[in-house]
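Let me begin by presenting the structure, written as structure tokens, before commenting on it.
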Amino acid sequence: MNIQESGEMYLETIYILSQKQELVRSLDVANYMDYSKPSVSRAVGILKKSGYITVGDNGHLALTGDGLALAKKIYERHNVLSEMLINLGVNKETAVEDACRIEHYISDESFNAIKKHLKDRGLPINSL
């Protein structure tokens, strides 16, 4: 199932938070993304219905296998693209913002070519 950019952002956020803390709640996602609780609640419902996350009785969010795979993919793209832009001389803040936009639209073919290019030149690749 195709997922929209906003859904990918939520999955990536849940993944990032799960690396920092044992349990992730909708409130944690809202605070991290600076989104309203109703917006997060709506997105959580859509992601749950789509099979990307589960919501425990206690309200804790967990990525399913598909959700984890997609979250890791987006997170890797974000890191690699940020590093590439920084290596090209873009300041870190701009590089991170631009990578966040690009990560949702770049094809697998183009992304893999960028990773290969960076690796072949011995440049750092901050992926997973």
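Residues are named by chain letter and number: chains run A, B, ... in the order of the structure tokens, numbers start at 1 in each chain, and ligands are numbered from 1 in the order shown.
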
Subject >> Spatial neighbours of Gly65 in chain A, 12 Å, only C-alpha atoms, chain gap at least 5 places, as an MDAnalysis selection string >> reply: chainID A and resid 11 15 51:54 70:72

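Using only C-alpha atoms, the nearest neighbour of Ala95 in chain A within the list A:Lys20, A:Lys115, A:His78, A:Lys49 is A:His78.
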
Original post:
Which of these residues is nearest to Glu5 in chain A, using only C-alpha atoms: A:Val29, A:Leu68, A:Ile86, A:Ala43?
Top reply: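 Under the stated criterion, the closest residue is A:Ala43.
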
Original post:
Which one of A:Asp57, A:Tyr105, A:Asp66, A:Leu118 sits closest to Asn87 in chain A if you count only C-alpha atoms?
Top reply: A:Leu118

Original post:
When distances are computed from only C-alpha atoms, which of A:Leu47, A:Gly122, A:Ala62, A:Glu109 shows the smallest separation from Met84 in chain A?
Top reply: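 Nearest to Met84 in chain A: A:Gly122.
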
**OP:** List the neighbours of range 96-100 of chain A out to 8 Å using only C-alpha atoms; skip same-chain residues closer than 4 positions along the sequence, and give me the result as a count of residues only.
**Re:** 8

**OP:** Give the helix (DSSP H, G or I) residues of chain A, as DSSP finds them on the backbone, and put them as number ranges by chain.
**Re:** A: 5-20, 26-33, 37-49, 65-87, 92-102, 108-120

Subject >> Counting only C-alpha atoms, the residue of A:Lys37, A:Arg25, A:Arg42, A:Phe111 that sits nearest Gly7 in chain A >> reply: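 Closest candidate: A:Arg42.
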
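Candidate residues A:Val44, A:Ala113, A:Val90, A:Leu63 were compared for distance to Ile16 in chain A, and the nearest is A:Leu63, using only C-alpha atoms.
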
**OP:** Enumerate as a ChimeraX atom specification all residues of chain A assigned to strand (DSSP E) by DSSP on the backbone, naming them with the chain letters and numbers the document uses.
**Re:** /A:24-25,53-55,60-63

Write the residues you've just listed into a file as a short mmCIF file (atom, residue, chain, number, x, y, z; two decimals), in the first residue's frame, and include N, CA and C atoms for each of them.
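Once written, result.cif looks like this:
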```cif
data_model
loop_
_atom_site.label_atom_id
_atom_site.label_comp_id
_atom_site.auth_asym_id
_atom_site.auth_seq_id
_atom_site.Cartn_x
_atom_site.Cartn_y
_atom_site.Cartn_z
N VAL A 24 6.48 4.50 23.28
CA VAL A 24 6.14 5.70 22.52
C VAL A 24 4.62 5.88 22.55
N ARG A 25 4.20 7.08 22.91
CA ARG A 25 2.78 7.40 22.94
C ARG A 25 2.47 8.48 21.89
N ILE A 53 1.25 0.28 12.14
CA ILE A 53 1.49 0.36 13.58
C ILE A 53 0.41 -0.41 14.32
N THR A 54 0.72 -0.72 15.57
CA THR A 54 -0.28 -1.25 16.48
C THR A 54 -0.38 -0.27 17.64
N VAL A 55 -1.53 -0.25 18.27
CA VAL A 55 -1.74 0.59 19.43
C VAL A 55 -2.17 -0.32 20.57
N HIS A 60 0.26 2.76 23.89
CA HIS A 60 1.62 2.78 23.34
C HIS A 60 1.63 2.32 21.89
N LEU A 61 2.42 3.02 21.09
CA LEU A 61 2.50 2.76 19.66
C LEU A 61 3.68 1.83 19.37
N ALA A 62 3.47 0.91 18.46
CA ALA A 62 4.55 0.01 18.03
C ALA A 62 4.48 -0.15 16.52
N LEU A 63 5.63 -0.13 15.89
CA LEU A 63 5.70 -0.35 14.45
C LEU A 63 5.52 -1.83 14.15
#
```

Original post:
CA of Ser26 in chain A to CA of Val40 in chain A: how many Å, to one decimal?
Top reply: 6.5 Å
